[in-house]
Amino acid sequence: IEKSPADSSLYPLFVQAHSAAGSHVVRYLMDLCDSYVPHIRAMAFTDSTHNIQWTKKTPALYELLESPASVYFRSSKGDSQTCRSHRAGMEVTSSDKNWQHRFGKIRTCWAGTSEHSLSDWSAREFIWDHFDRHLQP
């Protein structure tokens, strides 16, 4: 997609990015915002390392990252009891100031695992549900 056609529903994109791929996707979209952001219907990040502060000068991307079209799944830190209480798909009820400064107001849910490498796998059903909710423009 080089230029955004008038009807962005012709080329819908659904983006899932794990860990450092989240940073790469956000950086890439900053450079090509006008070409890709209009086509993105939904984004799902799993333990991503991106930073919303990078996008302050790219308002369309900044707004997308904080919109209902975007969701962040994070792995649990701590013992197995803590992990069991953080069921997959359950929304994180409190995000500290550092989290909000880094990721913004993105909807954040538990991935259902304490294993970083499994966060995309353990949250897969919730990621697909998120994408399904955004199938129609």
# chains A, B, ... in the order shown; residues from 1 in each chain; ligands from 1
call {"tool": "residues_around", "arguments": {"residues": "Asp120 (chain A)", "least_positions_apart": "2", "cutoff": "7 Å", "atoms": "only C-alpha atoms", "output": "list of chain:residue names"}}
result
A:His18, A:Thr46, A:Leu118, A:Ser122, A:Ala123, A:Arg124
call {"tool": "write_last_selection", "arguments": {"atoms": "N, CA, C and O atoms", "output": "PDB file, in the first residue's frame"}}
result
ATOM      1  N   HIS A  18       4.565  -8.650  19.276  1.00  0.00           N
ATOM      2  CA  HIS A  18       5.081  -9.156  20.551  1.00  0.00           C
ATOM      3  C   HIS A  18       6.453  -8.564  20.846  1.00  0.00           C
ATOM      4  O   HIS A  18       7.331  -8.521  19.986  1.00  0.00           O
ATOM      5  N   THR A  46       1.603  -7.612  22.792  1.00  0.00           N
ATOM      6  CA  THR A  46       1.866  -8.537  23.889  1.00  0.00           C
ATOM      7  C   THR A  46       3.270  -8.262  24.412  1.00  0.00           C
ATOM      8  O   THR A  46       4.238  -8.407  23.684  1.00  0.00           O
ATOM      9  N   LEU A 118       5.476 -16.611  26.220  1.00  0.00           N
ATOM     10  CA  LEU A 118       4.173 -17.235  25.981  1.00  0.00           C
ATOM     11  C   LEU A 118       3.012 -16.241  26.012  1.00  0.00           C
ATOM     12  O   LEU A 118       1.857 -16.648  25.838  1.00  0.00           O
ATOM     13  N   SER A 122      -0.755 -17.373  25.102  1.00  0.00           N
ATOM     14  CA  SER A 122      -1.766 -17.539  26.151  1.00  0.00           C
ATOM     15  C   SER A 122      -2.920 -16.537  25.999  1.00  0.00           C
ATOM     16  O   SER A 122      -4.030 -16.815  26.452  1.00  0.00           O
ATOM     17  N   ALA A 123      -2.685 -15.422  25.334  1.00  0.00           N
ATOM     18  CA  ALA A 123      -3.745 -14.428  25.123  1.00  0.00           C
ATOM     19  C   ALA A 123      -4.392 -14.543  23.743  1.00  0.00           C
ATOM     20  O   ALA A 123      -5.231 -13.722  23.386  1.00  0.00           O
ATOM     21  N   ARG A 124      -4.047 -15.563  22.984  1.00  0.00           N
ATOM     22  CA  ARG A 124      -4.472 -15.652  21.580  1.00  0.00           C
ATOM     23  C   ARG A 124      -5.987 -15.563  21.387  1.00  0.00           C
ATOM     24  O   ARG A 124      -6.448 -14.892  20.470  1.00  0.00           O
TER      25      ARG A 124
END
call {"tool": "residues_around", "arguments": {"residues": "Arg74 (chain A)", "least_positions_apart": "2", "cutoff": "12 Å", "atoms": "only C-alpha atoms", "output": "ChimeraX atom specification"}}
result
/A:18-19,44-49,71-72,76-77,83,86-92,95,99,103,106-123
call {"tool": "select_by_dssp", "arguments": {"residues": "chain A", "states": "helix (DSSP H, G or I)", "output": "number ranges by chain"}}
result
A: 8-10, 20-31, 33-39, 52-57, 59-66, 80-85, 97-103, 116-122, 124-133
call {"tool": "closest_residue", "arguments": {"among": "A:Ala60, A:Ile52, A:Ala17, A:Arg102", "to": "Cys33 (chain A)", "atoms": "only C-alpha atoms"}}
result
A:Ala60
call {"tool": "residues_around", "arguments": {"residues": "Asn51 (chain A)", "least_positions_apart": "4", "cutoff": "9 Å", "atoms": "only C-alpha atoms", "output": "short mmCIF file (atom, residue, chain, number, x, y, z; two decimals) with all heavy atoms, in the first residue's frame"}}
result
data_model
loop_
_atom_site.label_atom_id
_atom_site.label_comp_id
_atom_site.auth_asym_id
_atom_site.auth_seq_id
_atom_site.Cartn_x
_atom_site.Cartn_y
_atom_site.Cartn_z
N SER A 23 7.84 -2.18 19.28
CA SER A 23 8.65 -0.98 19.03
C SER A 23 8.88 -0.79 17.54
O SER A 23 8.76 0.32 17.02
CB SER A 23 10.00 -1.08 19.73
OG SER A 23 9.83 -1.02 21.11
N VAL A 26 5.61 0.38 15.78
CA VAL A 26 5.29 1.77 16.08
C VAL A 26 6.25 2.70 15.36
O VAL A 26 5.83 3.69 14.75
CB VAL A 26 5.27 2.02 17.61
CG1 VAL A 26 5.21 3.51 17.93
CG2 VAL A 26 4.10 1.28 18.24
N THR A 55 5.22 8.99 19.71
CA THR A 55 4.19 9.32 18.71
C THR A 55 3.55 10.69 18.92
O THR A 55 2.60 11.01 18.22
CB THR A 55 3.10 8.24 18.69
OG1 THR A 55 2.39 8.28 19.93
CG2 THR A 55 3.67 6.86 18.48
N HIS A 101 2.54 6.78 31.41
CA HIS A 101 3.45 7.66 30.66
C HIS A 101 4.05 6.92 29.46
O HIS A 101 4.18 7.48 28.39
CB HIS A 101 4.56 8.17 31.57
CG HIS A 101 5.53 9.06 30.87
ND1 HIS A 101 5.24 10.36 30.55
CD2 HIS A 101 6.78 8.82 30.40
CE1 HIS A 101 6.27 10.90 29.92
NE2 HIS A 101 7.22 9.98 29.83
N ARG A 102 4.38 5.66 29.66
CA ARG A 102 5.01 4.89 28.59
C ARG A 102 4.02 4.39 27.52
O ARG A 102 4.30 4.45 26.34
CB ARG A 102 5.75 3.69 29.17
CG ARG A 102 6.39 2.87 28.07
CD ARG A 102 7.46 2.00 28.57
NE ARG A 102 8.07 1.33 27.43
CZ ARG A 102 9.03 0.48 27.54
NH1 ARG A 102 9.51 0.18 28.71
NH2 ARG A 102 9.53 -0.08 26.47
N PHE A 103 2.86 3.87 27.96
CA PHE A 103 1.93 3.24 27.03
C PHE A 103 0.65 4.03 26.80
O PHE A 103 -0.16 3.67 25.95
CB PHE A 103 1.59 1.82 27.49
CG PHE A 103 2.78 0.93 27.54
CD1 PHE A 103 3.34 0.54 28.75
CD2 PHE A 103 3.38 0.47 26.38
CE1 PHE A 103 4.45 -0.28 28.80
CE2 PHE A 103 4.50 -0.35 26.41
CZ PHE A 103 5.04 -0.73 27.62
N GLY A 104 0.43 5.09 27.55
CA GLY A 104 -0.77 5.89 27.39
C GLY A 104 -1.98 5.22 28.01
O GLY A 104 -1.87 4.41 28.92
#
call {"tool": "residues_around", "arguments": {"residues": "Arg133 (chain A)", "least_positions_apart": "4", "cutoff": "12 Å", "atoms": "only C-alpha atoms", "output": "number ranges by chain"}}
result
A: 14, 41-43, 68-70, 126-129, 137
call {"tool": "atom_distance", "arguments": {"atom1": "CA of Asn98 (chain A)", "atom2": "CA of Asp34 (chain A)"}}
result
29.2 Å
call {"tool": "decode", "arguments": {"residues": "region 31-53 of chain A", "atoms": "C-alpha atoms", "output": "PDB file, in the first residue's frame"}}
result
ATOM      1  CA  ASP A  31       7.385   7.092   9.261  1.00  0.00           C
ATOM      2  CA  LEU A  32       4.497   5.863   7.104  1.00  0.00           C
ATOM      3  CA  CYS A  33       1.526   6.976   9.153  1.00  0.00           C
ATOM      4  CA  ASP A  34      -0.530   8.362   6.254  1.00  0.00           C
ATOM      5  CA  SER A  35      -0.088   5.177   4.229  1.00  0.00           C
ATOM      6  CA  TYR A  36      -0.898   2.589   6.898  1.00  0.00           C
ATOM      7  CA  VAL A  37      -2.782   3.987   9.897  1.00  0.00           C
ATOM      8  CA  PRO A  38      -6.023   4.599   7.942  1.00  0.00           C
ATOM      9  CA  HIS A  39      -6.073   0.876   7.113  1.00  0.00           C
ATOM     10  CA  ILE A  40      -5.506  -0.437  10.635  1.00  0.00           C
ATOM     11  CA  ARG A  41      -8.714  -1.804  12.088  1.00  0.00           C
ATOM     12  CA  ALA A  42      -7.169  -3.253  15.254  1.00  0.00           C
ATOM     13  CA  MET A  43      -3.828  -3.668  17.016  1.00  0.00           C
ATOM     14  CA  ALA A  44      -2.826  -6.068  19.772  1.00  0.00           C
ATOM     15  CA  PHE A  45       0.450  -5.802  21.655  1.00  0.00           C
ATOM     16  CA  THR A  46       1.866  -8.537  23.889  1.00  0.00           C
ATOM     17  CA  ASP A  47       4.609  -7.457  26.291  1.00  0.00           C
ATOM     18  CA  SER A  48       5.539  -4.754  23.807  1.00  0.00           C
ATOM     19  CA  THR A  49       8.470  -2.418  24.330  1.00  0.00           C
ATOM     20  CA  HIS A  50       7.061   0.574  22.433  1.00  0.00           C
ATOM     21  CA  ASN A  51       6.576   4.010  23.975  1.00  0.00           C
ATOM     22  CA  ILE A  52       3.619   6.258  23.202  1.00  0.00           C
ATOM     23  CA  GLN A  53       5.802   9.319  23.836  1.00  0.00           C
TER      24      GLN A  53
END
